[in-house]
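Pasting start13.txt here (compact mmCIF, C-alpha atoms):
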# COMPACT_ATOMS: atom_id res chain seq x y z
CA MET A 1 -2.89 39.84 11.62
CA VAL A 2 -4.15 38.39 8.36
CA SER A 3 -4.64 40.99 5.61
CA LEU A 4 -7.92 41.47 3.77
CA SER A 5 -6.38 40.37 0.44
CA THR A 6 -5.18 37.15 2.08
CA TRP A 7 -8.69 36.48 3.39
CA PHE A 8 -10.12 36.95 -0.11
CA ARG A 9 -7.61 34.47 -1.56
CA TYR A 10 -8.31 32.04 1.26
CA ILE A 11 -12.08 32.20 0.66
CA ALA A 12 -11.48 31.62 -3.07
CA HIS A 13 -9.54 28.44 -2.20
CA LYS A 14 -12.35 27.33 0.13
CA LEU A 15 -14.95 27.93 -2.57
CA GLU A 16 -12.93 25.92 -5.10
CA TYR A 17 -12.56 23.05 -2.63
CA SER A 18 -16.24 23.17 -1.64
CA VAL A 19 -17.46 23.02 -5.23
CA SER A 20 -15.07 20.17 -6.03
CA LEU A 21 -16.04 18.22 -2.91
CA SER A 22 -19.75 18.71 -3.50
CA TRP A 23 -19.43 17.62 -7.12
CA LYS A 24 -18.10 14.23 -6.08
CA VAL A 25 -20.96 13.30 -3.76
CA PRO A 26 -24.78 13.48 -3.70
CA PRO A 27 -26.70 15.64 -4.46
CA PHE A 28 -24.33 16.68 -7.26
CA THR A 29 -24.34 13.19 -8.75
CA SER A 30 -28.11 13.56 -9.09
CA TYR A 31 -27.69 17.09 -10.48
CA LYS A 32 -25.72 15.68 -13.39
CA ARG A 33 -28.78 13.60 -14.22
CA GLY A 34 -31.13 16.59 -13.79
CA GLN A 35 -32.84 15.25 -10.65
CA ILE A 36 -32.22 18.22 -8.29
CA THR A 37 -32.67 21.99 -8.54
CA ASP A 38 -30.07 24.76 -8.82
CA LYS A 39 -31.06 25.92 -5.33
CA GLU A 40 -30.18 22.53 -3.84
CA VAL A 41 -26.85 22.66 -5.66
CA GLY A 42 -26.12 26.10 -4.23
CA ASN A 43 -27.06 25.00 -0.71
CA ALA A 44 -24.65 22.05 -0.94
CA VAL A 45 -21.77 24.32 -2.00
CA TRP A 46 -22.41 26.83 0.81
CA LYS A 47 -22.69 24.04 3.36
CA ASN A 48 -19.25 22.70 2.40
CA LEU A 49 -17.83 26.23 2.23
CA PHE A 50 -18.54 26.97 5.88
CA GLN A 51 -17.87 23.52 7.32
CA GLY A 52 -14.40 22.50 8.43
CA LYS A 53 -10.98 23.67 7.32
CA LEU A 54 -8.71 23.27 4.33
CA THR A 55 -6.05 21.59 6.48
CA TYR A 56 -5.64 18.75 8.95
CA MET A 57 -2.86 17.51 11.21
CA HIS A 58 -0.93 14.34 10.48
CA TRP A 59 1.67 12.61 12.64
CA ASN A 60 4.61 11.16 10.73
CA LYS A 61 7.30 8.93 12.20
CA GLY A 62 10.51 7.55 10.75
CA GLU A 63 13.69 9.14 9.46
CA GLU A 64 12.99 8.80 5.73
CA MET A 65 11.97 12.45 5.37
CA ALA A 66 14.68 14.01 7.57
CA PRO A 67 15.60 16.84 7.75
CA THR A 68 12.27 18.12 6.35
CA ILE A 69 10.61 16.14 9.12
CA GLY A 70 12.51 15.27 12.28
CA ALA A 71 14.18 11.88 12.45
CA GLN A 72 12.08 11.14 15.54
CA GLY A 73 8.89 12.14 13.76
CA GLY A 74 6.87 15.31 13.40
CA THR A 75 3.43 16.85 13.50
CA LEU A 76 2.46 18.07 10.03
CA LEU A 77 -0.11 20.51 8.77
CA VAL A 78 -1.52 19.04 5.56
CA ARG A 79 -3.55 20.93 2.99
CA LYS A 80 -6.57 19.16 1.54
CA LEU A 81 -6.68 19.32 -2.25
CA PRO A 82 -9.75 19.59 -4.52
CA ALA A 83 -8.04 17.17 -6.91
CA THR A 84 -4.62 15.54 -7.27
CA ASP A 85 -3.85 16.12 -10.92
CA PRO A 86 -0.73 17.76 -12.42
CA THR A 87 -2.44 21.18 -12.35
CA ARG A 88 -2.73 21.12 -8.55
CA VAL A 89 0.15 18.92 -7.34
CA PHE A 90 3.64 19.66 -8.64
CA VAL A 91 7.08 18.07 -8.77
CA GLY A 92 8.90 19.09 -5.59
CA ASP A 93 5.82 18.93 -3.35
CA VAL A 94 5.89 16.95 -0.11
CA VAL A 95 2.71 14.87 -0.06
CA VAL A 96 0.81 12.47 2.16
CA LEU A 97 -0.22 9.36 0.24
CA LYS A 98 -1.54 5.87 0.82
CA ASP A 99 1.24 3.38 1.48
CA PRO A 100 1.29 1.17 -1.65
CA GLN A 101 2.42 -1.74 0.50
CA ASN A 102 -0.23 -1.24 3.19
CA SER A 103 -3.37 0.64 2.13
CA ASP A 104 -4.38 1.17 5.77
CA ASN A 105 -1.36 3.41 6.34
CA TYR A 106 -0.20 6.75 4.97
CA ILE A 107 3.36 7.81 4.24
CA VAL A 108 4.98 11.17 3.50
CA ARG A 109 7.26 11.49 0.46
CA ARG A 110 8.37 14.13 -2.04
CA LEU A 111 6.90 14.12 -5.53
CA ALA A 112 9.85 13.58 -7.89
CA ALA A 113 8.16 12.97 -11.25
CA ILE A 114 4.72 12.90 -12.83
CA GLU A 115 3.09 11.51 -15.99
CA GLY A 116 5.20 11.92 -19.10
CA TYR A 117 8.54 11.88 -17.29
CA GLU A 118 11.14 9.39 -18.52
CA MET A 119 12.63 7.39 -15.67
CA VAL A 120 16.22 6.21 -16.12
CA SER A 121 17.80 3.92 -13.54
CA LYS A 122 21.43 4.13 -12.40
CA ASP A 123 21.48 0.38 -12.89
CA GLU A 124 22.18 -0.22 -16.59
CA LYS A 125 20.29 -3.52 -16.38
CA ASP A 126 17.02 -1.63 -15.87
CA GLU A 127 15.24 -0.39 -18.99
CA PRO A 128 14.12 3.28 -19.07
CA PHE A 129 10.36 3.82 -18.97
CA VAL A 130 7.90 6.70 -19.13
CA LEU A 131 5.36 7.37 -16.39
CA GLU A 132 1.85 6.80 -17.71
CA LYS A 133 -1.19 9.02 -17.22
CA ASP A 134 -2.02 9.68 -13.55
CA GLN A 135 1.20 7.98 -12.40
CA CYS A 136 3.85 9.63 -10.23
CA TRP A 137 7.21 8.83 -8.65
CA VAL A 138 7.85 9.66 -4.99
CA LEU A 139 11.12 9.71 -3.05
CA ALA A 140 12.31 10.09 0.53
CA ASP A 141 14.32 13.21 1.43
CA ASN A 142 16.95 11.55 3.62
CA GLU A 143 20.03 11.14 1.39
CA ASN A 144 21.93 9.36 4.16
CA LEU A 145 19.76 6.27 3.78
CA LYS A 146 20.27 3.67 1.08
CA PRO A 147 17.41 3.01 -1.37
CA LYS A 148 16.73 -0.36 0.27
CA GLU A 149 16.32 1.36 3.64
CA VAL A 150 13.51 3.65 2.55
CA ASN A 151 10.00 2.89 1.43
CA ASP A 152 9.63 4.90 -1.77
CA SER A 153 9.21 4.43 -5.54
CA ARG A 154 12.66 2.85 -5.79
CA THR A 155 11.09 0.01 -3.84
CA PHE A 156 7.43 -0.08 -4.90
CA GLY A 157 7.57 1.69 -8.27
CA PRO A 158 5.13 4.29 -9.66
CA VAL A 159 2.01 5.16 -7.69
CA SER A 160 -1.32 6.64 -8.72
CA MET A 161 -1.85 10.37 -8.26
CA THR A 162 -5.25 9.52 -6.80
CA ASP A 163 -3.46 7.95 -3.80
CA ILE A 164 -2.27 11.41 -2.74
CA ALA A 165 -4.32 12.65 0.23
CA GLY A 166 -2.84 16.13 0.64
CA ARG A 167 0.21 18.39 0.54
CA VAL A 168 2.34 19.04 3.64
CA ILE A 169 2.68 22.80 4.19
CA TYR A 170 4.12 23.05 7.73
CA SER A 171 6.26 20.76 9.88
CA LEU A 172 6.62 20.85 13.65
CA ARG A 173 9.64 18.76 14.62
CA THR A 174 9.77 20.00 18.23
CA ALA A 175 8.08 22.84 20.11
CA VAL A 176 10.98 25.13 19.19
CA ASP A 177 11.89 23.67 15.79
CA HIS A 178 9.18 24.18 13.20
CA GLY A 179 8.48 26.02 9.96
CA PRO A 180 6.94 25.94 6.48
CA VAL A 181 7.80 22.97 4.28
CA GLN A 182 9.78 23.70 1.12
CA ASN A 183 7.46 22.69 -1.70
CA SER A 184 7.40 23.73 -5.35
CA HIS A 185 7.24 27.48 -6.02
CA PHE A 186 3.73 27.13 -7.46
CA SER A 187 2.40 25.27 -4.43
CA MET A 188 3.99 27.55 -1.85
CA ARG A 189 2.37 30.55 -3.52
CA LYS A 190 -1.02 28.80 -3.65
CA ASP A 191 -0.81 27.57 -0.06
CA LEU A 192 0.33 30.84 1.54
CA PRO A 193 -3.15 32.25 2.31
CA VAL A 194 -4.27 28.88 3.69
CA LEU A 195 -1.18 28.73 5.91
CA GLU A 196 -1.62 32.30 7.16
CA VAL A 197 -5.27 31.75 8.10
CA GLU A 198 -5.24 28.20 9.48
CA LEU A 199 -1.78 27.73 11.04
CA ASP A 200 -1.97 27.31 14.82
CA VAL A 201 1.48 26.34 16.14
CA ASP A 202 0.21 26.07 19.72
CA GLU A 203 -2.43 23.57 18.64
CA MET A 204 0.16 21.58 16.69
CA ALA A 205 2.49 21.53 19.70
CA LYS A 206 -0.36 20.35 21.89
CA ASN A 207 -0.94 17.39 19.58
CA HIS A 208 2.76 16.63 19.09
CA LYS A 209 3.65 13.07 20.15
CA ALA A 210 7.43 13.34 20.42

Encoding of this model in structure tokens:
Amino acid sequence: MVSLSTWFRYIAHKLEYSVSLSWKVPPFTSYKRGQITDKEVGNAVWKNLFQGKLTYMHWNKGEEMAPTIGAQGGTLLVRKLPATDPTRVFVGDVVVLKDPQNSDNYIVRRLAAIEGYEMVSKDEKDEPFVLEKDQCWVLADNENLKPKEVNDSRTFGPVSMTDIAGRVIYSLRTAVDHGPVQNSHFSMRKDLPVLEVELDVDEMAKNHKA
């Protein structure tokens, strides 16, 4: 049973997401220009607050993220984020992002570095460089694969933080092998109330493709 304090924290996360989502689309764009009333603004926030969830399910295949995600694939619970800046997404987080090599697809990788980090290659021929504003570096978890065998920043380089679609908070590898994803300490603390309220293992198992 979810505690009352957890519900309060969950609602606070929903309110933050609702305000952020509403601010990006009409009528908030008109509000910035003074064309709508405060009442209309409030109605838009409340509408987003009570519609939908803060998570969605995503199917991931491939062995690049094993053992976090099963080598045969896994059903993931992904948290939607109000924004993907360094104050909300942290190094160590497992994220869903647009595939830089195919914008119609999404891949799952771990955030290894963000803007301001100096990147130094093991190959002495490569010059060190610093990640620029809004850039990040993502890597696969599977250490048994060679860099050329995985599709991550060692192949396609830095990616934009805005390409991140969400943070993976739970992984179902099989019906009997599932659990929370090990993200950064900050993210796991933030995501705990969302996970406690919205996690439905039975629903994830029902949608599992393996």

Any chance you could tabulate, as CSV, the residues of range 75-120 of chain A at most 12 Å from range 7-16 of chain A with each one's nearest atom pair and distance in Å to one decimal, using all atoms listed in the file, in chain and rising number order?
residue,atom,partner,partner_atom,distance
A:Arg79,CA,A:His13,CA,10.9
A:Lys80,CA,A:Lys14,CA,10.1
A:Leu81,CA,A:Glu16,CA,9.5
A:Pro82,CA,A:Glu16,CA,7.1
A:Ala83,CA,A:Glu16,CA,10.2
A:Arg88,CA,A:Glu16,CA,11.8

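Counting only C-alpha atoms, the residue from A:Ile164, A:Leu54, A:Leu145, A:Met65 that sits nearest to Val96 in chain A is A:Ile164.
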
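Rounded to one decimal, CA of Ser187 in chain A and CA of Val130 in chain A lie 24.3 Å from each other.
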
Mind giving me the straight-line distance from CA of Pro193 in chain A to CA of Thr174 in chain A in Å, one decimal? 23.9 Å

At a cut-off of 12 Å from (6.7, 6.2, -8.1) in the coordinates of the file, what residues are picked up using all atoms listed in the file, written as a PyMOL selection string? chain A and resi 91+97+99-100+109-115+117-119+129-132+134-140+151-161+163-164

Just the residues within 10 Å of Met188 in chain A, please, counting all atoms listed in the file, with nothing from its chain fewer than 6 positions along; format it as a PyMOL selection string. chain A and resi 93+169+180-182+195

Please write the residues from the selection above to a file, keeping C-alpha atoms, as a compact mmCIF listing (two decimals), in the frame of the given file.
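Saved as part_30.txt:
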# COMPACT_ATOMS: atom_id res chain seq x y z
CA ASP A 93 5.82 18.93 -3.35
CA ILE A 169 2.68 22.80 4.19
CA PRO A 180 6.94 25.94 6.48
CA VAL A 181 7.80 22.97 4.28
CA GLN A 182 9.78 23.70 1.12
CA LEU A 195 -1.18 28.73 5.91

Rounded to one decimal in Å, what is the spacing between CA of Ala66 in chain A and CA of Val150 in chain A? 11.6 Å

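Considering all atoms listed in the file, the residue among A:Thr55, A:Asn207, A:Thr87, A:Ser20 positioned nearest to Asp191 in chain A is A:Thr55.
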
Counting all atoms listed in the file, figure out which residue out of A:Ala205, A:Ala175, A:Ala71, A:Leu4 gets nearest to Met57 in chain A. A:Ala205

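Shortest atom-to-atom contact with Ile107 in chain A among A:Asp85, A:Asp123, A:Glu64, A:Glu143: A:Glu64, counting only C-alpha atoms.
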
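Checking A:Pro128, A:Gly166, A:Gly92, A:Gly116 one by one against Asn183 in chain A, counting only C-alpha atoms, you find the shortest gap at A:Gly92.
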
Mind working out the centre and edge lengths of an axis-aligned box for range 144-149 of chain A, all listed atoms inside, 3 Å added to each side, rounded to one decimal in Å and written as AutoDock Vina command-line options?
--center_x 19.1 --center_y 4.5 --center_z 1.4 --size_x 11.6 --size_y 15.7 --size_z 11.5

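Nearest-residue note for Gln72 in chain A: choosing from A:Leu172, A:Tyr17, A:Glu127, A:Asp202, the minimum distance belongs to A:Leu172, counting all atoms listed in the file.
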